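Undergrad: The structure that follows is given in the form of structure tokens.
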Amino acid sequence: MAKMKPLYVFSGFLDAGKTTAIKESLLDPQFNQGETTLIIAFEQGDEEYDEDFLFNANAYVVYLDDIKELDKKKIDELDDEYYPDRIILELNGMQDDQELFRKDGSSNWLVVDYLTFFDATVLKNQMLNMRQFVYNHVIDSAICYINRCDGQDLMYFRNNLKGINRNMMVVFLDMDSKMIKIEQQMFDTAKPLDIADNDYGLWYIDAVDDPEKYDGCQITMKVKHLETLKEYENVCIMGRQAMVCCSNDLQQIGLTCTDVDPKAVEDGRWYYLSGKLKAIDDEQGGRTVILNTESVTEAPAPEDEYVNFN
């Protein structure tokens, strides 16, 4: 059986910082201890891989036009020519990252890290006008780095990106590549919360990011029935839906709620849920928050049924 080789994916739009991050990683002795690295680039920006860098990093670079070229035959050819210990993909920001996952599973290249890069000075425009591409770049990403964040609306970026991939870590960097920490407190957990219709998305992302902050907090919110967990008695997923990409791509933004009789809630109808939030361990080894429901009453539909993260 062929030895599996680690594959590192660097995604995002042109000039967002992918090449710089790859070069810094390969010149970092904590990451590179002399292994042979094959860089496969699907675009070329202002930053280049010069001969001195490639020599010092023990790396090779191959340029391809389209991610669809990277099929099993091409992978075998590159393995035979370069014998890499690991592979780095620098993807094209205007191509579909999902092509990586539409291939057969016979390759011995295994994705071990998936990083996405954006330029904050143009990201809002990209979110508004190229949302499908933004979605493709972050839906499978582990960490998203947003560069040049000085003076930008960081909460807008955080909430909209986490709305697409709530498990992804979002890191903000200033013009000097120093990390920026968000200090904003959006909801006062010291008192009972009554979540307004337009705030549900913001609250949900904040609760997923920091469940401990909401542990023991009393809350009331307007939601509808999304799913019944049949393996448990009177446990349902209650929440709303968000258009994270387009009108044909709805994603459930829901919360596990105890003490909700599935026979008492109808699909398509809206309810006020009140109860106490509790932070618990999730199945992935992290922490999440659930609602121990105390009351369920019918509610009018919100003016906009779909969640926004602004």
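Letters A, B, ... mark the chains of the structure tokens in the order given; residue numbers begin at 1 per chain; ligand numbers begin at 1, in order shown.
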Taking 2 positions as the minimum chain separation for residues in the same chain, which residues sit within 12 Å of Phe157 in chain A when counting only C-alpha atoms? Answer as a PDB file with N, CA and C atoms, in the first residue's frame.
TA:
```
ATOM      1  N   PHE A 118      -8.099  35.945   2.664  1.00  0.00           N
ATOM      2  CA  PHE A 118      -8.834  37.040   2.044  1.00  0.00           C
ATOM      3  C   PHE A 118      -8.123  38.365   2.318  1.00  0.00           C
ATOM      4  N   ASP A 119      -8.350  39.336   1.444  1.00  0.00           N
ATOM      5  CA  ASP A 119      -7.901  40.707   1.622  1.00  0.00           C
ATOM      6  C   ASP A 119      -9.097  41.504   2.131  1.00  0.00           C
ATOM      7  N   ALA A 120      -9.004  42.015   3.365  1.00  0.00           N
ATOM      8  CA  ALA A 120     -10.149  42.688   3.978  1.00  0.00           C
ATOM      9  C   ALA A 120     -10.592  43.928   3.208  1.00  0.00           C
ATOM     10  N   THR A 121      -9.683  44.551   2.479  1.00  0.00           N
ATOM     11  CA  THR A 121     -10.031  45.797   1.788  1.00  0.00           C
ATOM     12  C   THR A 121     -10.999  45.569   0.631  1.00  0.00           C
ATOM     13  N   VAL A 122     -11.111  44.333   0.151  1.00  0.00           N
ATOM     14  CA  VAL A 122     -12.028  44.033  -0.957  1.00  0.00           C
ATOM     15  C   VAL A 122     -13.013  42.920  -0.603  1.00  0.00           C
ATOM     16  N   LEU A 123     -12.922  42.384   0.611  1.00  0.00           N
ATOM     17  CA  LEU A 123     -13.723  41.203   0.958  1.00  0.00           C
ATOM     18  C   LEU A 123     -15.218  41.493   0.979  1.00  0.00           C
ATOM     19  N   LYS A 124     -15.631  42.652   1.478  1.00  0.00           N
ATOM     20  CA  LYS A 124     -17.071  42.937   1.528  1.00  0.00           C
ATOM     21  C   LYS A 124     -17.653  42.948   0.121  1.00  0.00           C
ATOM     22  N   ASN A 125     -16.939  43.544  -0.817  1.00  0.00           N
ATOM     23  CA  ASN A 125     -17.405  43.557  -2.203  1.00  0.00           C
ATOM     24  C   ASN A 125     -17.472  42.143  -2.773  1.00  0.00           C
ATOM     25  N   GLN A 126     -16.494  41.301  -2.425  1.00  0.00           N
ATOM     26  CA  GLN A 126     -16.506  39.917  -2.890  1.00  0.00           C
ATOM     27  C   GLN A 126     -17.664  39.146  -2.284  1.00  0.00           C
ATOM     28  N   MET A 127     -17.976  39.416  -1.020  1.00  0.00           N
ATOM     29  CA  MET A 127     -19.106  38.743  -0.383  1.00  0.00           C
ATOM     30  C   MET A 127     -20.424  39.116  -1.060  1.00  0.00           C
ATOM     31  N   LEU A 128     -20.538  40.356  -1.487  1.00  0.00           N
ATOM     32  CA  LEU A 128     -21.774  40.829  -2.095  1.00  0.00           C
ATOM     33  C   LEU A 128     -21.926  40.380  -3.537  1.00  0.00           C
ATOM     34  N   VAL A 134     -16.808  32.852  -2.600  1.00  0.00           N
ATOM     35  CA  VAL A 134     -16.476  32.938  -1.172  1.00  0.00           C
ATOM     36  C   VAL A 134     -16.923  31.669  -0.466  1.00  0.00           C
ATOM     37  N   CYS A 144      -9.420  30.541   8.455  1.00  0.00           N
ATOM     38  CA  CYS A 144      -9.509  31.620   7.478  1.00  0.00           C
ATOM     39  C   CYS A 144      -8.703  32.808   7.994  1.00  0.00           C
ATOM     40  N   TYR A 145      -7.712  33.232   7.222  1.00  0.00           N
ATOM     41  CA  TYR A 145      -6.891  34.393   7.568  1.00  0.00           C
ATOM     42  C   TYR A 145      -7.366  35.587   6.729  1.00  0.00           C
ATOM     43  N   ILE A 146      -7.713  36.670   7.392  1.00  0.00           N
ATOM     44  CA  ILE A 146      -8.129  37.883   6.697  1.00  0.00           C
ATOM     45  C   ILE A 146      -7.050  38.939   6.909  1.00  0.00           C
ATOM     46  N   ASN A 147      -6.363  39.300   5.837  1.00  0.00           N
ATOM     47  CA  ASN A 147      -5.261  40.254   5.906  1.00  0.00           C
ATOM     48  C   ASN A 147      -5.740  41.687   5.707  1.00  0.00           C
ATOM     49  N   CYS A 149      -6.666  44.205   7.779  1.00  0.00           N
ATOM     50  CA  CYS A 149      -7.953  44.452   8.423  1.00  0.00           C
ATOM     51  C   CYS A 149      -8.082  45.831   9.076  1.00  0.00           C
ATOM     52  N   GLN A 152     -11.487  47.997   9.205  1.00  0.00           N
ATOM     53  CA  GLN A 152     -12.556  47.241   8.547  1.00  0.00           C
ATOM     54  C   GLN A 152     -13.595  46.750   9.563  1.00  0.00           C
ATOM     55  N   ASP A 153     -14.768  46.381   9.068  1.00  0.00           N
ATOM     56  CA  ASP A 153     -15.855  45.869   9.898  1.00  0.00           C
ATOM     57  C   ASP A 153     -15.631  44.374  10.147  1.00  0.00           C
ATOM     58  N   LEU A 154     -14.892  44.075  11.202  1.00  0.00           N
ATOM     59  CA  LEU A 154     -14.491  42.694  11.462  1.00  0.00           C
ATOM     60  C   LEU A 154     -15.679  41.814  11.837  1.00  0.00           C
ATOM     61  N   MET A 155     -16.663  42.364  12.539  1.00  0.00           N
ATOM     62  CA  MET A 155     -17.818  41.566  12.924  1.00  0.00           C
ATOM     63  C   MET A 155     -18.622  41.140  11.695  1.00  0.00           C
ATOM     64  N   ASN A 159     -19.131  37.164  11.177  1.00  0.00           N
ATOM     65  CA  ASN A 159     -20.464  36.577  11.240  1.00  0.00           C
ATOM     66  C   ASN A 159     -20.875  35.939   9.922  1.00  0.00           C
ATOM     67  N   ASN A 160     -20.568  36.580   8.808  1.00  0.00           N
ATOM     68  CA  ASN A 160     -20.951  36.029   7.513  1.00  0.00           C
ATOM     69  C   ASN A 160     -20.135  34.791   7.152  1.00  0.00           C
ATOM     70  N   LEU A 161     -18.844  34.788   7.476  1.00  0.00           N
ATOM     71  CA  LEU A 161     -18.018  33.617   7.172  1.00  0.00           C
ATOM     72  C   LEU A 161     -18.364  32.450   8.089  1.00  0.00           C
ATOM     73  N   LYS A 162     -18.598  32.742   9.374  1.00  0.00           N
ATOM     74  CA  LYS A 162     -18.988  31.673  10.297  1.00  0.00           C
ATOM     75  C   LYS A 162     -20.387  31.159   9.981  1.00  0.00           C
ATOM     76  N   GLY A 163     -21.200  31.989   9.330  1.00  0.00           N
ATOM     77  CA  GLY A 163     -22.505  31.525   8.888  1.00  0.00           C
ATOM     78  C   GLY A 163     -22.397  30.447   7.828  1.00  0.00           C
ATOM     79  N   ILE A 164     -21.322  30.489   7.037  1.00  0.00           N
ATOM     80  CA  ILE A 164     -21.078  29.460   6.029  1.00  0.00           C
ATOM     81  C   ILE A 164     -20.448  28.226   6.650  1.00  0.00           C
ATOM     82  N   VAL A 170     -11.557  31.983  12.411  1.00  0.00           N
ATOM     83  CA  VAL A 170     -11.320  33.190  11.632  1.00  0.00           C
ATOM     84  C   VAL A 170     -10.274  34.033  12.349  1.00  0.00           C
ATOM     85  N   VAL A 171      -9.185  34.356  11.638  1.00  0.00           N
ATOM     86  CA  VAL A 171      -8.071  35.118  12.207  1.00  0.00           C
ATOM     87  C   VAL A 171      -7.938  36.433  11.454  1.00  0.00           C
ATOM     88  N   PHE A 172      -7.911  37.546  12.197  1.00  0.00           N
ATOM     89  CA  PHE A 172      -7.785  38.875  11.597  1.00  0.00           C
ATOM     90  C   PHE A 172      -6.365  39.392  11.773  1.00  0.00           C
ATOM     91  N   ILE A 182     -11.007  40.614  18.450  1.00  0.00           N
ATOM     92  CA  ILE A 182     -12.302  41.279  18.567  1.00  0.00           C
ATOM     93  C   ILE A 182     -12.706  41.329  20.038  1.00  0.00           C
ATOM     94  N   LEU A 202     -26.692  36.630  14.503  1.00  0.00           N
ATOM     95  CA  LEU A 202     -25.550  37.139  15.267  1.00  0.00           C
ATOM     96  C   LEU A 202     -25.407  36.384  16.585  1.00  0.00           C
ATOM     97  N   ILE A 205     -24.107  32.620  15.978  1.00  0.00           N
ATOM     98  CA  ILE A 205     -22.674  32.516  15.702  1.00  0.00           C
ATOM     99  C   ILE A 205     -21.869  32.779  16.966  1.00  0.00           C
ATOM    100  N   PHE A 309     -26.468  37.717   8.859  1.00  0.00           N
ATOM    101  CA  PHE A 309     -25.401  37.759   9.860  1.00  0.00           C
ATOM    102  C   PHE A 309     -24.778  39.153   9.970  1.00  0.00           C
ATOM    103  N   ASN A 310     -25.546  40.184   9.623  1.00  0.00           N
ATOM    104  CA  ASN A 310     -25.026  41.541   9.608  1.00  0.00           C
ATOM    105  C   ASN A 310     -25.376  42.281  10.910  1.00  0.00           C
TER     106      ASN A 310
END
```
Undergrad: Apply DSSP to the backbone of this structure and, from range 57-240 of chain A, keep only the residues in strand (DSSP E); write these as number ranges by chain.
TA: A: 59-63, 86-90, 109-119, 143-147, 169-173, 179-180, 193-194, 218-228, 235-240
Undergrad: Near Ile253 in chain A, within 7 Å and counting only C-alpha atoms, which residues show up once chain neighbours fewer than 3 positions away are dropped, as JSON, numbers by chain?
TA: {"A": [239, 240, 241, 242]}
Undergrad: With a cut-off of 7 Å, could you pull out the residues of range 121-174 of chain A touching range 106-116 of chain A and give me the nearest pair of atoms for each, distance in Å to one decimal, using only C-alpha atoms, ordered by chain and ascending number, as JSON lines?
TA:
```
{"residue": "A:His137", "atom": "CA", "partner": "A:Thr116", "partner_atom": "CA", "distance": 6.5}
{"residue": "A:Val138", "atom": "CA", "partner": "A:Thr116", "partner_atom": "CA", "distance": 6.5}
{"residue": "A:Ser141", "atom": "CA", "partner": "A:Tyr114", "partner_atom": "CA", "distance": 5.0}
{"residue": "A:Ala142", "atom": "CA", "partner": "A:Tyr114", "partner_atom": "CA", "distance": 5.5}
{"residue": "A:Ile143", "atom": "CA", "partner": "A:Leu115", "partner_atom": "CA", "distance": 5.1}
{"residue": "A:Cys144", "atom": "CA", "partner": "A:Thr116", "partner_atom": "CA", "distance": 4.6}
{"residue": "A:Tyr145", "atom": "CA", "partner": "A:Thr116", "partner_atom": "CA", "distance": 6.1}
```
Undergrad: At what distance in Å, to one decimal, does CA of Tyr60 in chain A lie from CA of Gln95 in chain A?
TA: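 For CA of Gln95 in chain A relative to CA of Tyr60 in chain A, the distance reads 22.7 Å.
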Undergrad: Step one, run DSSP on the backbone; step two, keep only residues of range 64-287 of chain A assigned to helix (DSSP H, G or I); then write them as an mmCIF file with C-alpha atoms, in the first residue's frame.
TA:
```cif
data_model
loop_
_atom_site.group_PDB
_atom_site.id
_atom_site.type_symbol
_atom_site.label_atom_id
_atom_site.label_comp_id
_atom_site.auth_asym_id
_atom_site.auth_seq_id
_atom_site.Cartn_x
_atom_site.Cartn_y
_atom_site.Cartn_z
ATOM 1 C CA ILE A 67 -7.871 22.178 -10.841
ATOM 2 C CA LYS A 68 -9.618 19.606 -13.053
ATOM 3 C CA GLU A 69 -6.175 18.738 -14.486
ATOM 4 C CA LYS A 72 -5.152 10.399 -10.725
ATOM 5 C CA LYS A 73 -2.937 10.196 -13.818
ATOM 6 C CA LYS A 74 -1.464 13.658 -13.205
ATOM 7 C CA ILE A 75 -0.874 12.925 -9.530
ATOM 8 C CA ASP A 76 1.030 9.746 -10.400
ATOM 9 C CA GLU A 77 3.130 11.650 -12.967
ATOM 10 C CA LEU A 78 4.056 14.332 -10.410
ATOM 11 C CA ASP A 79 4.885 11.713 -7.781
ATOM 12 C CA ASP A 80 7.194 9.903 -10.205
ATOM 13 C CA GLU A 81 8.913 13.115 -11.348
ATOM 14 C CA TYR A 82 9.428 14.964 -8.031
ATOM 15 C CA ASP A 97 -12.410 24.374 -4.627
ATOM 16 C CA GLN A 98 -14.977 21.584 -4.499
ATOM 17 C CA GLU A 99 -13.350 19.942 -7.521
ATOM 18 C CA LEU A 100 -10.838 18.581 -5.003
ATOM 19 C CA PHE A 101 -13.562 16.446 -3.473
ATOM 20 C CA ALA A 120 -10.149 42.688 3.978
ATOM 21 C CA THR A 121 -10.031 45.797 1.788
ATOM 22 C CA VAL A 122 -12.028 44.033 -0.957
ATOM 23 C CA LEU A 123 -13.723 41.203 0.958
ATOM 24 C CA LYS A 124 -17.071 42.937 1.528
ATOM 25 C CA ASN A 125 -17.405 43.557 -2.203
ATOM 26 C CA GLN A 126 -16.506 39.917 -2.890
ATOM 27 C CA MET A 127 -19.106 38.743 -0.383
ATOM 28 C CA LEU A 128 -21.774 40.829 -2.095
ATOM 29 C CA ASN A 129 -20.873 40.114 -5.721
ATOM 30 C CA ARG A 131 -20.678 34.957 -2.832
ATOM 31 C CA GLN A 132 -20.561 31.571 -4.566
ATOM 32 C CA PHE A 133 -16.773 31.786 -4.801
ATOM 33 C CA VAL A 134 -16.476 32.938 -1.172
ATOM 34 C CA TYR A 135 -18.668 30.001 -0.168
ATOM 35 C CA ASN A 136 -16.498 27.547 -2.132
ATOM 36 C CA HIS A 137 -13.343 28.843 -0.472
ATOM 37 C CA VAL A 138 -14.532 28.561 3.137
ATOM 38 C CA LEU A 154 -14.491 42.694 11.462
ATOM 39 C CA MET A 155 -17.818 41.566 12.924
ATOM 40 C CA TYR A 156 -19.403 41.661 9.468
ATOM 41 C CA PHE A 157 -16.667 39.369 8.131
ATOM 42 C CA ARG A 158 -16.718 37.048 11.137
ATOM 43 C CA ASN A 159 -20.464 36.577 11.240
ATOM 44 C CA ASN A 160 -20.951 36.029 7.513
ATOM 45 C CA LEU A 161 -18.018 33.617 7.172
ATOM 46 C CA LYS A 162 -18.988 31.673 10.297
ATOM 47 C CA GLY A 163 -22.505 31.525 8.888
ATOM 48 C CA ILE A 164 -21.078 29.460 6.029
ATOM 49 C CA ASP A 197 -35.695 38.407 14.898
ATOM 50 C CA ASN A 198 -32.869 40.253 13.122
ATOM 51 C CA ASP A 199 -30.337 39.293 15.817
ATOM 52 C CA TYR A 200 -30.821 35.515 15.727
ATOM 53 C CA GLY A 201 -27.938 34.922 13.289
ATOM 54 C CA LEU A 202 -25.550 37.139 15.267
ATOM 55 C CA TRP A 203 -26.494 35.458 18.532
ATOM 56 C CA TYR A 204 -26.208 31.957 17.065
ATOM 57 C CA ILE A 205 -22.674 32.516 15.702
ATOM 58 C CA ASP A 206 -21.576 34.074 18.997
ATOM 59 C CA ALA A 207 -23.012 31.162 20.993
ATOM 60 C CA VAL A 208 -21.308 28.576 18.758
ATOM 61 C CA ASP A 209 -18.021 30.480 19.073
ATOM 62 C CA PRO A 211 -20.707 28.477 24.449
ATOM 63 C CA GLU A 212 -19.293 28.955 27.959
ATOM 64 C CA LYS A 213 -20.328 32.613 27.885
ATOM 65 C CA TYR A 214 -23.964 31.547 27.540
ATOM 66 C CA PRO A 262 -42.320 16.822 18.550
ATOM 67 C CA LYS A 263 -46.060 16.208 18.327
ATOM 68 C CA ALA A 264 -46.730 19.700 19.652
#
```
Undergrad: So that I can check the surroundings of Asp50 in chain A, please list as a list in words every protein, DNA and RNA residue that reaches within 12 Å of it, counting only C-alpha atoms and ignoring chain neighbours fewer than 2 positions away.
TA: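 My reading of the contact set: Thr19, Lys23, Asp46, Glu47, Glu48, Asp52, Phe53, Leu54, Phe55, Asn56, Ala57, Ala59, Tyr60 and Val61 of chain A.
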Undergrad: For a quick check of understanding, using only C-alpha atoms, which of A:Gly286, A:Lys3, A:Arg148, A:His225 has the smallest distance to Ser177 in chain A?
TA: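 Counting only C-alpha atoms, the residue closest to Ser177 in chain A is A:Arg148.
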Undergrad: I'd like the interatomic distance between CA of Asn32 in chain A and CA of Ile88 in chain A, to a tenth of an Å.
TA: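 For CA of Asn32 in chain A relative to CA of Ile88 in chain A, the distance reads 12.5 Å.
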Undergrad: Can you work out the spacing between CA of Ser11 in chain A and CA of Glu90 in chain A in Å, to one decimal?
TA: 6.3 Å
Undergrad: Select, from A:Asp85, A:Asp174, A:Glu24, A:Glu266, the residue with the minimum atom-to-atom distance to Lys5 in chain A, counting only C-alpha atoms.
TA: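 Of the candidates, the smallest distance to Lys5 in chain A is held by A:Asp85.
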